[in-house]
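Heads up, final21.cif below (mmCIF, C-alpha atoms):
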data_work
#
loop_
_atom_site.label_atom_id
_atom_site.label_comp_id
_atom_site.auth_asym_id
_atom_site.auth_seq_id
_atom_site.Cartn_x
_atom_site.Cartn_y
_atom_site.Cartn_z
CA ASN A 1 51.76 -6.05 -36.50
CA VAL A 2 49.50 -3.89 -38.66
CA ASN A 3 46.95 -1.64 -36.91
CA PRO A 4 44.46 -0.35 -39.47
CA THR A 5 43.53 3.32 -39.35
CA GLY A 6 40.90 4.11 -36.76
CA THR A 7 39.90 2.37 -33.56
CA LEU A 8 37.84 -0.80 -33.37
CA ALA A 9 37.18 -2.07 -29.86
CA VAL A 10 36.00 -5.63 -29.31
CA ASP A 11 33.68 -5.99 -26.30
CA THR A 12 31.83 -9.23 -25.73
CA ALA A 13 31.43 -8.90 -21.96
CA ALA A 14 27.92 -8.11 -20.80
CA PRO A 15 27.46 -5.51 -18.06
CA THR A 16 25.98 -6.36 -14.65
CA ALA A 17 22.67 -4.73 -13.74
CA THR A 18 21.95 -3.78 -10.13
CA LEU A 19 18.52 -2.74 -8.87
CA THR A 20 17.60 -1.45 -5.42
CA ALA A 21 14.61 -3.49 -4.19
CA ALA A 22 11.50 -1.43 -3.47
CA SER A 23 7.72 -1.31 -3.62
CA ILE A 24 6.53 1.92 -5.23
CA PRO A 25 3.65 3.49 -7.16
CA ASN A 26 4.29 4.40 -10.79
CA THR A 27 4.51 8.05 -9.84
CA SER A 28 7.90 7.34 -8.29
CA SER A 29 11.30 6.11 -9.54
CA VAL A 30 13.82 3.35 -8.81
CA THR A 31 17.57 3.42 -8.24
CA VAL A 32 19.67 1.46 -10.73
CA GLN A 33 23.34 0.81 -11.55
CA SER A 34 25.37 -0.80 -14.30
CA THR A 35 29.02 -1.82 -14.41
CA GLU A 36 29.24 -0.08 -17.81
CA THR A 37 27.77 3.01 -19.41
CA GLY A 38 24.85 2.44 -21.76
CA THR A 39 21.12 2.08 -21.15
CA ALA A 40 19.13 0.56 -18.30
CA TYR A 41 15.77 -1.11 -18.90
CA LEU A 42 13.24 -1.80 -16.13
CA VAL A 43 11.17 -4.69 -17.46
CA ASN A 44 8.03 -6.45 -16.23
CA THR A 45 8.75 -10.10 -15.43
CA SER A 46 5.83 -11.07 -17.67
CA VAL A 47 8.07 -10.16 -20.65
CA THR A 48 10.30 -12.95 -21.93
CA VAL A 49 13.68 -11.29 -22.45
CA THR A 50 16.04 -12.86 -24.98
CA ASN A 51 17.56 -9.75 -26.56
CA LEU A 52 17.09 -5.98 -26.65
CA ALA A 53 14.34 -6.22 -29.28
CA SER A 54 12.27 -8.42 -26.98
CA ILE A 55 12.29 -5.57 -24.46
CA THR A 56 11.63 -2.64 -26.78
CA GLY A 57 9.02 -4.65 -28.67
CA ALA A 58 6.95 -5.25 -25.53
CA ALA A 59 4.01 -3.03 -24.54
CA SER A 60 5.19 0.37 -23.35
CA SER A 61 3.43 -0.18 -20.01
CA ASN A 62 5.80 -3.08 -19.33
CA TRP A 63 9.16 -1.31 -19.56
CA ASN A 64 10.95 2.01 -19.08
CA SER A 65 14.55 3.00 -19.74
CA ALA A 66 17.19 5.48 -18.63
CA SER A 67 20.68 6.34 -19.86
CA ILE A 68 23.63 5.20 -17.76
CA THR A 69 26.26 7.91 -18.13
CA SER A 70 28.48 6.81 -15.27
CA ALA A 71 29.37 3.20 -14.47
CA ASN A 72 28.78 1.86 -10.95
CA SER A 73 26.89 5.00 -9.94
CA ASN A 74 23.27 5.40 -8.86
CA THR A 75 20.91 6.45 -11.63
CA SER A 76 17.22 7.26 -11.22
CA LEU A 77 14.83 5.45 -13.57
CA SER A 78 11.22 6.66 -13.69
CA ALA A 79 8.35 4.23 -13.22
CA ALA A 80 5.89 6.57 -14.96
CA GLY A 81 3.27 4.76 -17.00
CA LEU A 82 4.22 1.27 -15.84
CA ALA A 83 1.54 -1.27 -15.07
CA ASP A 84 1.33 -2.91 -11.65
CA GLY A 85 3.61 -5.93 -11.37
CA THR A 86 7.11 -7.18 -10.60
CA TYR A 87 10.07 -5.72 -12.52
CA ARG A 88 13.75 -6.55 -12.96
CA LEU A 89 16.56 -4.54 -14.47
CA TYR A 90 18.56 -5.22 -17.62
CA THR A 91 21.38 -3.05 -18.92
CA VAL A 92 22.92 -2.77 -22.37
CA ASP A 93 26.46 -1.43 -22.91
CA ALA A 94 27.75 0.65 -25.83
CA ALA A 95 28.66 -2.51 -27.76
CA GLY A 96 25.11 -3.85 -27.45
CA ASN A 97 25.81 -6.57 -24.89
CA LEU A 98 22.72 -7.32 -22.81
CA SER A 99 23.08 -8.12 -19.12
CA ALA A 100 21.31 -10.86 -17.24
CA ALA A 101 18.32 -9.81 -15.15
CA SER A 102 19.10 -8.09 -11.86
CA THR A 103 18.99 -10.22 -8.74
CA ASN A 104 16.66 -7.81 -6.96
CA SER A 105 13.23 -6.86 -8.18
CA VAL A 106 10.90 -3.91 -7.78
CA THR A 107 7.15 -4.07 -7.24
CA ILE A 108 5.10 -1.40 -8.98
CA ASP A 109 1.84 -0.95 -7.10
CA SER A 110 -0.37 2.00 -7.98
CA THR A 111 -3.59 0.49 -6.63
CA ALA A 112 -4.85 2.01 -3.38
CA PRO A 113 -5.97 -0.34 -0.59
CA THR A 114 -9.71 -0.48 0.03
CA VAL A 115 -11.93 -1.42 2.98
CA SER A 116 -13.35 -4.92 2.50
CA SER A 117 -15.39 -5.13 5.71
CA ILE A 118 -15.85 -3.77 9.23
CA ALA A 119 -16.96 -6.09 12.04
CA TYR A 120 -17.79 -5.74 15.73
CA GLY A 121 -15.73 -7.61 18.29
CA THR A 122 -17.37 -9.71 21.02
CA ASN A 123 -20.33 -7.93 22.61
CA ASP A 124 -23.72 -8.60 24.21
CA GLY A 125 -25.68 -6.28 21.95
CA ASN A 126 -25.55 -3.31 24.29
CA LEU A 127 -22.78 -0.87 25.13
CA ALA A 128 -22.98 1.32 28.23
CA ALA A 129 -20.77 4.19 29.34
CA GLY A 130 -17.33 2.90 30.28
CA GLU A 131 -17.66 -0.34 28.30
CA SER A 132 -15.60 -0.91 25.14
CA VAL A 133 -15.97 -2.71 21.84
CA THR A 134 -13.46 -3.41 19.10
CA LEU A 135 -14.03 -2.81 15.41
CA THR A 136 -11.99 -5.00 13.06
CA VAL A 137 -11.40 -3.45 9.64
CA THR A 138 -10.32 -5.81 6.85
CA PHE A 139 -8.54 -4.36 3.81
CA SER A 140 -7.85 -5.55 0.28
CA GLU A 141 -4.13 -5.83 1.10
CA ALA A 142 -1.67 -5.39 3.95
CA VAL A 143 -1.49 -1.81 5.21
CA ASN A 144 0.78 0.30 7.38
CA VAL A 145 -0.43 2.77 9.99
CA THR A 146 1.08 6.13 10.88
CA GLY A 147 -0.02 7.73 14.14
CA THR A 148 -3.45 6.90 15.58
CA PRO A 149 -6.19 6.98 12.93
CA THR A 150 -9.81 7.24 14.03
CA ILE A 151 -13.22 6.25 12.68
CA ALA A 152 -16.14 8.57 13.44
CA LEU A 153 -19.30 6.74 14.53
CA ASN A 154 -23.03 7.47 14.37
CA SER A 155 -23.14 7.61 18.18
CA GLY A 156 -21.19 10.86 18.13
CA GLY A 157 -17.98 9.21 19.30
CA SER A 158 -15.03 7.69 17.47
CA ALA A 159 -13.02 4.47 17.48
CA SER A 160 -9.22 4.78 17.72
CA TYR A 161 -6.62 2.50 16.11
CA THR A 162 -5.07 -0.01 18.50
CA SER A 163 -3.23 -2.72 16.53
CA GLY A 164 -2.57 -4.60 13.28
CA SER A 165 -0.18 -2.42 11.26
CA GLY A 166 1.59 -4.52 8.62
CA SER A 167 -1.35 -6.88 8.11
CA ASN A 168 -4.63 -6.65 6.20
CA GLN A 169 -6.68 -6.30 9.42
CA LEU A 170 -6.62 -3.37 11.81
CA THR A 171 -8.31 -3.16 15.19
CA PHE A 172 -9.98 0.01 16.47
CA THR A 173 -11.44 0.44 19.96
CA TYR A 174 -14.50 2.46 20.94
CA THR A 175 -15.46 3.43 24.48
CA PRO A 176 -18.60 5.58 24.53
CA ALA A 177 -18.69 8.75 26.59
CA ALA A 178 -21.70 10.19 28.38
CA THR A 179 -24.40 11.54 26.02
CA GLN A 180 -23.31 9.23 23.16
CA SER A 181 -26.01 6.86 22.00
CA THR A 182 -27.45 5.04 18.99
CA SER A 183 -29.84 2.16 18.43
CA ASP A 184 -27.28 0.39 16.23
CA LEU A 185 -23.61 1.36 16.06
CA ALA A 186 -22.30 2.17 12.58
CA THR A 187 -19.69 4.43 11.03
CA ALA A 188 -20.50 8.05 10.22
CA THR A 189 -22.25 8.70 6.94
CA THR A 190 -19.49 10.95 5.55
CA SER A 191 -15.86 11.75 6.40
CA ALA A 192 -15.70 8.87 8.87
CA PHE A 193 -11.97 8.25 8.51
CA SER A 194 -9.20 10.46 9.81
CA GLY A 195 -5.50 9.57 9.74
CA THR A 196 -2.88 7.89 7.60
CA ILE A 197 -3.10 4.30 6.36
CA THR A 198 -1.08 3.23 3.32
CA ASP A 199 0.07 0.08 1.56
CA ALA A 200 3.72 -0.93 1.16
CA ALA A 201 4.02 1.23 -1.98
CA GLY A 202 2.71 4.31 -0.17
CA ASN A 203 -0.77 4.38 -1.73
CA ALA A 204 -3.26 5.93 0.71
CA VAL A 205 -6.34 3.95 1.66
CA VAL A 206 -9.61 4.88 -0.08
CA ALA A 207 -11.15 6.85 2.79
CA SER A 208 -14.72 6.71 1.49
CA GLY A 209 -14.75 2.98 2.24
CA PHE A 210 -15.14 3.81 5.94
CA ASN A 211 -18.34 5.81 5.38
CA ASN A 212 -21.79 4.55 6.36
CA VAL A 213 -20.80 0.97 7.24
CA ASN A 214 -23.13 -0.94 9.57
CA PRO A 215 -21.41 -4.13 10.77
CA THR A 216 -23.41 -7.35 10.87
CA GLY A 217 -25.54 -7.62 13.99
CA THR A 218 -27.01 -4.94 16.25
CA LEU A 219 -25.04 -3.08 18.88
CA ALA A 220 -26.97 -0.42 20.78
CA VAL A 221 -25.09 2.32 22.60
CA ASP A 222 -26.90 3.74 25.64
CA THR A 223 -24.96 5.87 28.08
CA ALA A 224 -27.93 7.61 29.67
CA ALA A 225 -28.60 6.48 33.23
CA PRO A 226 -32.25 5.90 34.12
CA THR A 227 -34.07 8.26 36.45
CA ALA A 228 -35.56 6.65 39.56
CA THR A 229 -38.92 7.94 40.82
CA LEU A 230 -40.39 7.06 44.19
CA THR A 231 -43.86 7.90 45.45
CA ALA A 232 -43.57 9.32 48.96
CA ALA A 233 -45.48 7.37 51.57
CA SER A 234 -45.53 6.20 55.13
CA ILE A 235 -46.24 2.53 55.23
CA PRO A 236 -46.19 -0.32 57.73
#
Is it possible to give me this structure as structure tokens?
Amino acid sequence: NVNPTGTLAVDTAAPTATLTAASIPNTSSVTVQSTETGTAYLVNTSVTVTNLASITGAASSNWNSASITSANSNTSLSAAGLADGTYRLYTVDAAGNLSAASTNSVTIDSTAPTVSSIAYGTNDGNLAAGESVTLTVTFSEAVNVTGTPTIALNSGGSASYTSGSGSNQLTFTYTPAATQSTSDLATATTSAFSGTITDAAGNAVVASGFNNVNPTGTLAVDTAAPTATLTAASIP
């Protein structure tokens, strides 16, 4: 029963890494936990992880780390500088034991959604006062809508959001008012978009993509009533 001078702990148990699932841009951070103090590593799933060196030897845009100073407590780990992709968490304890990958993953998405196309809904080529037409906007990815965004049009009116949040296609509806007219309905040349549309990570849509778009086909807007003229006469 001899205990040599000093303390030598033997720890062969790897910690457990816990990651809160999220979709975020790389300007944000994620919430992580470990069952032991040490270091947490957020690692792109494109990296083959076999040991700590395989993490720290990967490109810096594929991993970030944070110190875990309190076990089983939330710690914030920055996503700054990380490339777009899917990430899982690994933690290393003071003895150097590396955890398995976290069950949950985080998606880093710093790419803003863009407008792919704008199309008219069913129409007969002419739009009079009181009639309506839909505009379907297709985006590069699924988007979420806050409030009621609008698209300014070259007729002097605007189309208002009606449906589609959570998908990559949104529907806007336009009903021209008196005095609004154009030979072919299109979006305004500049500053056409007003409102809030973001992707799951919170990236705002590229608003300039709404400017100066003329959907395929021709849709004339004419809200001016004709003037009737009658020549006075007395006739049999």
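The residues returned by the PyMOL selection byres ((chain A and resi 20-37) around 6) on the shown structure are Pro15, Thr16, Ala17, Thr18, Leu19, Gly38, Ile68, Thr69, Ser70, Ala71, Asn72, Ser73, Asn74, Thr75, Ser76, Leu77, Ser78, Ala79, Ala80, Leu82, Asp93, Asn104, Ser105, Val106, Thr107, Ile108, Asp109, Ser110 and Ala201 of chain A.
In this model, the gap between atom CA of A:Ile151 and atom CA of A:Thr138 comes to 13.7 Å.
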Original post:
Hey, can you check how far atom CA of A:Val137 sits from atom CA of A:Asp84?
Top reply: 24.8 Å
**OP:** Find the residue from A:Thr173, A:Phe210, A:Ala94, A:Leu42 that sits nearest to A:Ala9; use only C-alpha atoms when measuring.
**Re:** A:Ala94
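For the residues A:Ala129, A:Ala53, A:Ala112, A:Val205, ranking by smallest atom-to-atom distance to A:Pro149 using only C-alpha atoms places A:Val205 first.
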Subject >> Expected selection from the PyMOL selection byres ((chain A and resi 147) around 10), given as a ChimeraX atom specification >> reply: /A:145-146,148-150,161,195-197
**OP:** Grab the atom CA of A:Ser65 to atom CA of A:Thr111 distance for me, in Å with one decimal place.
**Re:** 22.5 Å
